[in-house]
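Peer 1: This structure is in structure tokens; I'll ask about it shortly.
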Amino acid sequence: MKKYNSDRWNMTWLKSKPVNIIWKVLSSKGAKVYFVGGCVRDSVQARKIKDIDIATDALPSEVIELAKLANLKVIKTGLEHGSVAIIVQNERFDITTFRSDIVTDGRHSTVKFSLNILDDAMRRDFTMNALYMTIDGEILDPISGFEDLVSGRVRFIGEPEKRIREDYLRVLRYFRFLTIYGEKAESLDHSTVDACSNAIFGLKTLSNDRIWEELQKILLADNPNLSLKLMYSSGVLEAILPFAKLENLHRFLILEKKFKIKFKEINRLAVLNLSQVRFWAKRFPFKREQRRWLDTLLVNLNDSSSLRVRSYKYGADLTISAYAIFKSHLSKTLDSKDLAEINAGSSQSFPINNSDLLEYYSQSKALGDEFKRLKDLWFSSNLELDRHNLLTELKKKAEAKDIG
């Protein structure tokens with residue numbers, strides 16, 4: 001088995017107190033304990049560590065007992081698959097017993113627990129997912145996944161067709177990993193893309209929740225262009241996002257980078273087809289904030305007000321997102337004047353308030369109507385009317401009312 005070590009990796013997380021507590025607890029009776037998955041991949045590439053997964057030869061019942069002896073909270077996430085979550089100082093660790101998959105049907109599997117790290121490595125999907133790290137930062141590499149990781153090569157363990165049939169979500173996982181780790185086009189294995197294309201029918205067996213979980217990670221990648229192009233040419237994109245179009249995405253990504261527009265999976269989804277995005281939104285389980293962002297984005301796009309007014313109404317972040325999507329569809333760009341208008345609008349406050357109207361109106365519908373009228377006047381002036389102008393207009397209207 002190959003082993004690797006380097007002081008160039010991101011190793012700071014291994015020194016954290018929760019990490020050391022969980023390692024000491026699990027290894028206290030002699031069990032083998034390794035960090036695995038994303039935390040290892042991202043350590044090697046000096047990325048920020050998000051979730052920490054652990055593999056061990058201890059059985060789930062033994063893991064639970066060790067956690068209870070240490071007074072740690074246990075969440076029984078999937079005992080039949082050897083999975084347990086343990087909370088240490090508000091940090092979650094997902095622990096899974098070494099195992100091999102015995103029976104798979106494209107969505108579910110029957111597993112057999114093992115004491116052998118190679119059995120555990122062979123059941124994983126990609127070689128770069130089969131890297132195991134010790135508490136000292138040494139990587140154990142049972143099946144040459146390290147070389148694939150540093151070469152930007154996303155490679156299935158075994159025959160791609162067979163591994164995809166075990167779980168059709170691996171089609172989308174492949175493109176997601178390709179987006180993040182496979183930036184070098186020369187490392188692309190076209191036979192694997194073909195295997196994904198041939199498995200399109202299996203995507204229909206997946207829940208919308210699982211599809212959206214992977215899709216939004218692809219959309220949020222630094223540069224999803226390569227993966228989305230391959231998903232489009234292979235037919236995978238059409239299978240999960242009917243009528244998606246890529247021609248505007250490249251232009252939007254350029255504007256996004258140039259004007260430092262915050263990455264939003266909903267923005268990137270919308271630019272793929274504005275007329276279809278509401279249908280996609282009905283299909284996928286958006287979070288509340290995602291749905292709210294999309295609804296307001298579409299309202300902004302249909303608002304005929306000036307950029308400055310729209311930025312006042314909806315905020316700078318949403319307005320520049322909507323305008324960049326609009327410009328992308330027109331094959332045009334933004335300029336410094338557009339940005340200045342957006343910034344000007346978001347920094348404005350309406351110069352008067354309800355109390356200014358109480359001199360002329362009691363609390364009533366008439367007061368509300370007049371407040372709206374004055375605000376509409378302010379909007380029509382492109383937010384140029386100041387407090388004095390608006391109060392003069394208020395007084396003139398009130399005097400005309402009294403005369404009438």
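Letters A, B, ... go to the chains of the structure tokens in the order shown; residues in each chain start at 1; ligands are counted from 1 in the same order.
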With only C-alpha atoms as the counted atoms, please give the residues lying no more than 10 Å from stretch 41-48 of chain A, apart from itself and same-chain residues fewer than 6 positions off, as a PDB file with C-alpha atoms, in the first residue's frame.
Peer 2:
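Result file result_4.pdb:
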ATOM      1  CA  ASN A   5       2.998  12.806   3.560  1.00  0.00           C
ATOM      2  CA  SER A   6       3.662  16.482   2.908  1.00  0.00           C
ATOM      3  CA  ASP A   7       3.928  19.747   4.809  1.00  0.00           C
ATOM      4  CA  ARG A   8       2.259  21.525   1.861  1.00  0.00           C
ATOM      5  CA  TRP A   9      -1.166  20.119   2.668  1.00  0.00           C
ATOM      6  CA  ASN A  10      -3.799  21.825   4.797  1.00  0.00           C
ATOM      7  CA  MET A  11      -3.225  20.036   8.090  1.00  0.00           C
ATOM      8  CA  THR A  12      -4.471  22.641  10.573  1.00  0.00           C
ATOM      9  CA  TRP A  13      -7.833  20.927  11.041  1.00  0.00           C
ATOM     10  CA  LEU A  14      -6.096  17.792  12.392  1.00  0.00           C
ATOM     11  CA  MET A 128      -9.650   9.806  -5.052  1.00  0.00           C
ATOM     12  CA  ASN A 129     -12.363   8.929  -2.531  1.00  0.00           C
ATOM     13  CA  ALA A 130     -10.364   5.926  -1.343  1.00  0.00           C
ATOM     14  CA  LEU A 131      -7.640   7.889   0.456  1.00  0.00           C
ATOM     15  CA  TYR A 132      -7.299   7.377   4.199  1.00  0.00           C
ATOM     16  CA  MET A 133      -5.507   9.823   6.509  1.00  0.00           C
ATOM     17  CA  GLY A 137      -1.455  13.446   8.440  1.00  0.00           C
ATOM     18  CA  ILE A 139      -2.220   9.225   3.685  1.00  0.00           C
ATOM     19  CA  GLY A 145      -6.125   7.352  -5.846  1.00  0.00           C
ATOM     20  CA  PHE A 146      -3.495   9.878  -4.823  1.00  0.00           C
ATOM     21  CA  LEU A 149      -6.185  13.361  -7.386  1.00  0.00           C
ATOM     22  CA  VAL A 150      -3.002  15.350  -8.065  1.00  0.00           C
ATOM     23  CA  TYR A 181     -11.086  18.205  -9.176  1.00  0.00           C
TER      24      TYR A 181
END
Peer 1: May I have a table of the residues of stretch 231-268 of chain A lying at most 10 Å from stretch 293-300 of chain A, giving each one's closest pair of atoms and their distance in Å to one decimal, counting only C-alpha atoms, ordered by chain and ascending residue number, as a Markdown table?
Peer 2:
| residue | atom | partner | partner_atom | distance |
| --- | --- | --- | --- | --- |
| A:Lys264 | CA | A:Trp293 | CA | 9.4 |
| A:Ile266 | CA | A:Leu294 | CA | 6.5 |
| A:Asn267 | CA | A:Leu294 | CA | 7.9 |
Peer 1: In Å to one decimal, how far is atom CA of A:Ser306 from atom CA of A:Leu269?
Peer 2: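 Atom-to-atom, atom CA of A:Leu269 to atom CA of A:Ser306, that is 24.7 Å.
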Peer 1: Rank A:Arg153, A:Lys258, A:Arg163, A:Lys395 by their smallest atom-to-atom distance to A:Leu178, using only C-alpha atoms, and report the top residue only.
Peer 2: A:Arg153
Peer 1: Give me the residues within 6 Å of A:Glu265 as a ChimeraX atom specification, counting only C-alpha atoms and dropping any in the same chain fewer than 2 places off.
Peer 2: /A:216,219-220,267-268
Peer 1: Name the closest residue to A:Ile218 among the candidates A:Ile87, A:Glu341, A:Ile22, A:Phe175; distances are taken between atoms, counting only C-alpha atoms.
Peer 2: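 Of A:Ile87, A:Glu341, A:Ile22, A:Phe175, the one nearest A:Ile218 is A:Phe175, counting only C-alpha atoms.
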Peer 1: Between A:Arg124, A:Val63, A:Ser16, A:Ala55, which is the closest to A:Glu91 once you count only C-alpha atoms?
Peer 2: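 Checking each of A:Arg124, A:Val63, A:Ser16, A:Ala55 against A:Glu91, counting only C-alpha atoms, the winner is A:Ser16.
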Peer 1: Can you pull out every residue from stretch 37-265 of chain A that DSSP, working from the backbone, puts in alpha helix (DSSP H), and format the result as an mmCIF file with C-alpha atoms, in the first residue's frame?
Peer 2:
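Final file, part23.cif:
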data_model
loop_
_atom_site.group_PDB
_atom_site.id
_atom_site.type_symbol
_atom_site.label_atom_id
_atom_site.label_comp_id
_atom_site.auth_asym_id
_atom_site.auth_seq_id
_atom_site.Cartn_x
_atom_site.Cartn_y
_atom_site.Cartn_z
ATOM 1 C CA GLY A 38 -13.588 15.189 1.162
ATOM 2 C CA CYS A 39 -11.459 16.217 4.131
ATOM 3 C CA VAL A 40 -8.527 14.227 2.699
ATOM 4 C CA ARG A 41 -9.014 15.418 -0.893
ATOM 5 C CA ASP A 42 -9.273 19.031 0.202
ATOM 6 C CA SER A 43 -6.275 18.727 2.526
ATOM 7 C CA VAL A 44 -4.077 17.639 -0.372
ATOM 8 C CA PRO A 60 -21.424 0.490 14.765
ATOM 9 C CA SER A 61 -22.376 -0.931 18.161
ATOM 10 C CA GLU A 62 -18.783 -0.482 19.340
ATOM 11 C CA VAL A 63 -18.676 3.092 18.019
ATOM 12 C CA ILE A 64 -21.886 3.906 19.887
ATOM 13 C CA GLU A 65 -20.580 2.356 23.104
ATOM 14 C CA LEU A 66 -17.302 4.300 22.891
ATOM 15 C CA ALA A 67 -19.203 7.541 22.324
ATOM 16 C CA LYS A 68 -21.518 6.903 25.282
ATOM 17 C CA LEU A 69 -18.569 6.178 27.572
ATOM 18 C CA ILE A 117 -9.321 -1.375 4.587
ATOM 19 C CA LEU A 118 -9.052 -2.667 1.007
ATOM 20 C CA ASP A 119 -12.639 -3.974 1.123
ATOM 21 C CA ASP A 120 -13.760 -0.516 2.192
ATOM 22 C CA ALA A 121 -11.693 1.183 -0.506
ATOM 23 C CA MET A 122 -13.015 -1.043 -3.308
ATOM 24 C CA GLY A 145 -6.125 7.352 -5.846
ATOM 25 C CA PHE A 146 -3.495 9.878 -4.823
ATOM 26 C CA GLU A 147 -1.965 10.050 -8.291
ATOM 27 C CA ASP A 148 -5.410 10.543 -9.816
ATOM 28 C CA LEU A 149 -6.185 13.361 -7.386
ATOM 29 C CA VAL A 150 -3.002 15.350 -8.065
ATOM 30 C CA SER A 151 -3.379 14.723 -11.827
ATOM 31 C CA PRO A 160 -17.661 2.676 -14.858
ATOM 32 C CA GLU A 161 -20.782 0.976 -16.298
ATOM 33 C CA LYS A 162 -20.928 -1.506 -13.429
ATOM 34 C CA ARG A 163 -20.276 1.084 -10.715
ATOM 35 C CA ILE A 164 -22.920 3.416 -12.158
ATOM 36 C CA ARG A 165 -25.521 0.636 -12.154
ATOM 37 C CA GLU A 166 -24.925 0.265 -8.421
ATOM 38 C CA LEU A 169 -26.504 9.147 -8.737
ATOM 39 C CA ARG A 170 -22.856 8.438 -9.580
ATOM 40 C CA VAL A 171 -23.517 9.925 -13.022
ATOM 41 C CA LEU A 172 -24.069 13.324 -11.424
ATOM 42 C CA ARG A 173 -21.360 12.765 -8.833
ATOM 43 C CA TYR A 174 -18.901 12.130 -11.653
ATOM 44 C CA PHE A 175 -19.640 15.484 -13.255
ATOM 45 C CA ARG A 176 -19.563 17.209 -9.880
ATOM 46 C CA PHE A 177 -16.132 15.759 -9.077
ATOM 47 C CA LEU A 178 -14.985 16.638 -12.578
ATOM 48 C CA THR A 179 -16.024 20.254 -11.957
ATOM 49 C CA ILE A 180 -14.064 20.508 -8.718
ATOM 50 C CA TYR A 181 -11.086 18.205 -9.176
ATOM 51 C CA HIS A 190 -14.180 10.032 -22.668
ATOM 52 C CA SER A 191 -15.166 6.398 -22.173
ATOM 53 C CA THR A 192 -16.408 7.336 -18.697
ATOM 54 C CA VAL A 193 -18.485 10.171 -20.174
ATOM 55 C CA ASP A 194 -19.922 7.643 -22.614
ATOM 56 C CA ALA A 195 -20.781 5.339 -19.713
ATOM 57 C CA CYS A 196 -22.656 8.222 -18.061
ATOM 58 C CA SER A 197 -24.503 8.922 -21.305
ATOM 59 C CA ASN A 198 -25.547 5.279 -21.590
ATOM 60 C CA ASN A 208 -35.564 15.002 -7.104
ATOM 61 C CA ASP A 209 -33.943 15.657 -3.716
ATOM 62 C CA ARG A 210 -30.847 13.632 -4.605
ATOM 63 C CA ILE A 211 -30.606 15.142 -8.083
ATOM 64 C CA TRP A 212 -30.871 18.708 -6.769
ATOM 65 C CA GLU A 213 -28.297 18.053 -4.055
ATOM 66 C CA GLU A 214 -25.708 17.163 -6.703
ATOM 67 C CA LEU A 215 -26.838 19.674 -9.317
ATOM 68 C CA GLN A 216 -26.562 22.685 -7.065
ATOM 69 C CA LYS A 217 -23.025 21.664 -6.097
ATOM 70 C CA ILE A 218 -22.116 21.594 -9.793
ATOM 71 C CA LEU A 219 -23.705 25.004 -10.311
ATOM 72 C CA ASN A 225 -18.332 25.169 -17.737
ATOM 73 C CA LEU A 226 -16.493 21.924 -18.538
ATOM 74 C CA SER A 227 -18.874 19.646 -16.667
ATOM 75 C CA LEU A 228 -22.016 21.347 -17.942
ATOM 76 C CA LYS A 229 -20.759 21.175 -21.533
ATOM 77 C CA LEU A 230 -20.085 17.455 -21.145
ATOM 78 C CA MET A 231 -23.444 16.943 -19.445
ATOM 79 C CA TYR A 232 -25.066 18.735 -22.388
ATOM 80 C CA SER A 233 -23.250 16.798 -25.123
ATOM 81 C CA SER A 234 -23.874 13.474 -23.365
ATOM 82 C CA VAL A 236 -27.397 14.091 -19.100
ATOM 83 C CA LEU A 237 -28.295 17.782 -18.761
ATOM 84 C CA GLU A 238 -31.385 17.394 -20.946
ATOM 85 C CA ALA A 239 -32.494 14.469 -18.778
ATOM 86 C CA ILE A 240 -32.509 16.524 -15.578
ATOM 87 C CA GLU A 247 -24.830 29.664 -24.758
ATOM 88 C CA ASN A 248 -25.547 32.359 -22.156
ATOM 89 C CA LEU A 249 -23.770 30.701 -19.245
ATOM 90 C CA HIS A 250 -20.243 31.444 -20.406
ATOM 91 C CA ARG A 251 -21.041 35.148 -20.815
ATOM 92 C CA PHE A 252 -22.704 35.263 -17.408
ATOM 93 C CA LEU A 253 -19.714 33.622 -15.706
ATOM 94 C CA ILE A 254 -17.428 36.276 -17.237
ATOM 95 C CA LEU A 255 -19.652 39.076 -15.889
ATOM 96 C CA GLU A 256 -19.926 37.292 -12.547
ATOM 97 C CA LYS A 257 -16.146 37.273 -12.205
ATOM 98 C CA LYS A 258 -15.554 40.777 -13.578
ATOM 99 C CA GLU A 265 -26.779 28.478 -7.781
#
Peer 1: Between atom CA of A:Gly82 and atom CA of A:Thr96, what is the spacing in Å?
Peer 2: 5.2 Å
Peer 1: A:Phe156, A:Tyr168, A:Tyr323, A:Phe259: which is nearest A:Ser336, counting only C-alpha atoms?
Peer 2: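 Looking at the shortest contact to A:Ser336, the residue is A:Phe259.
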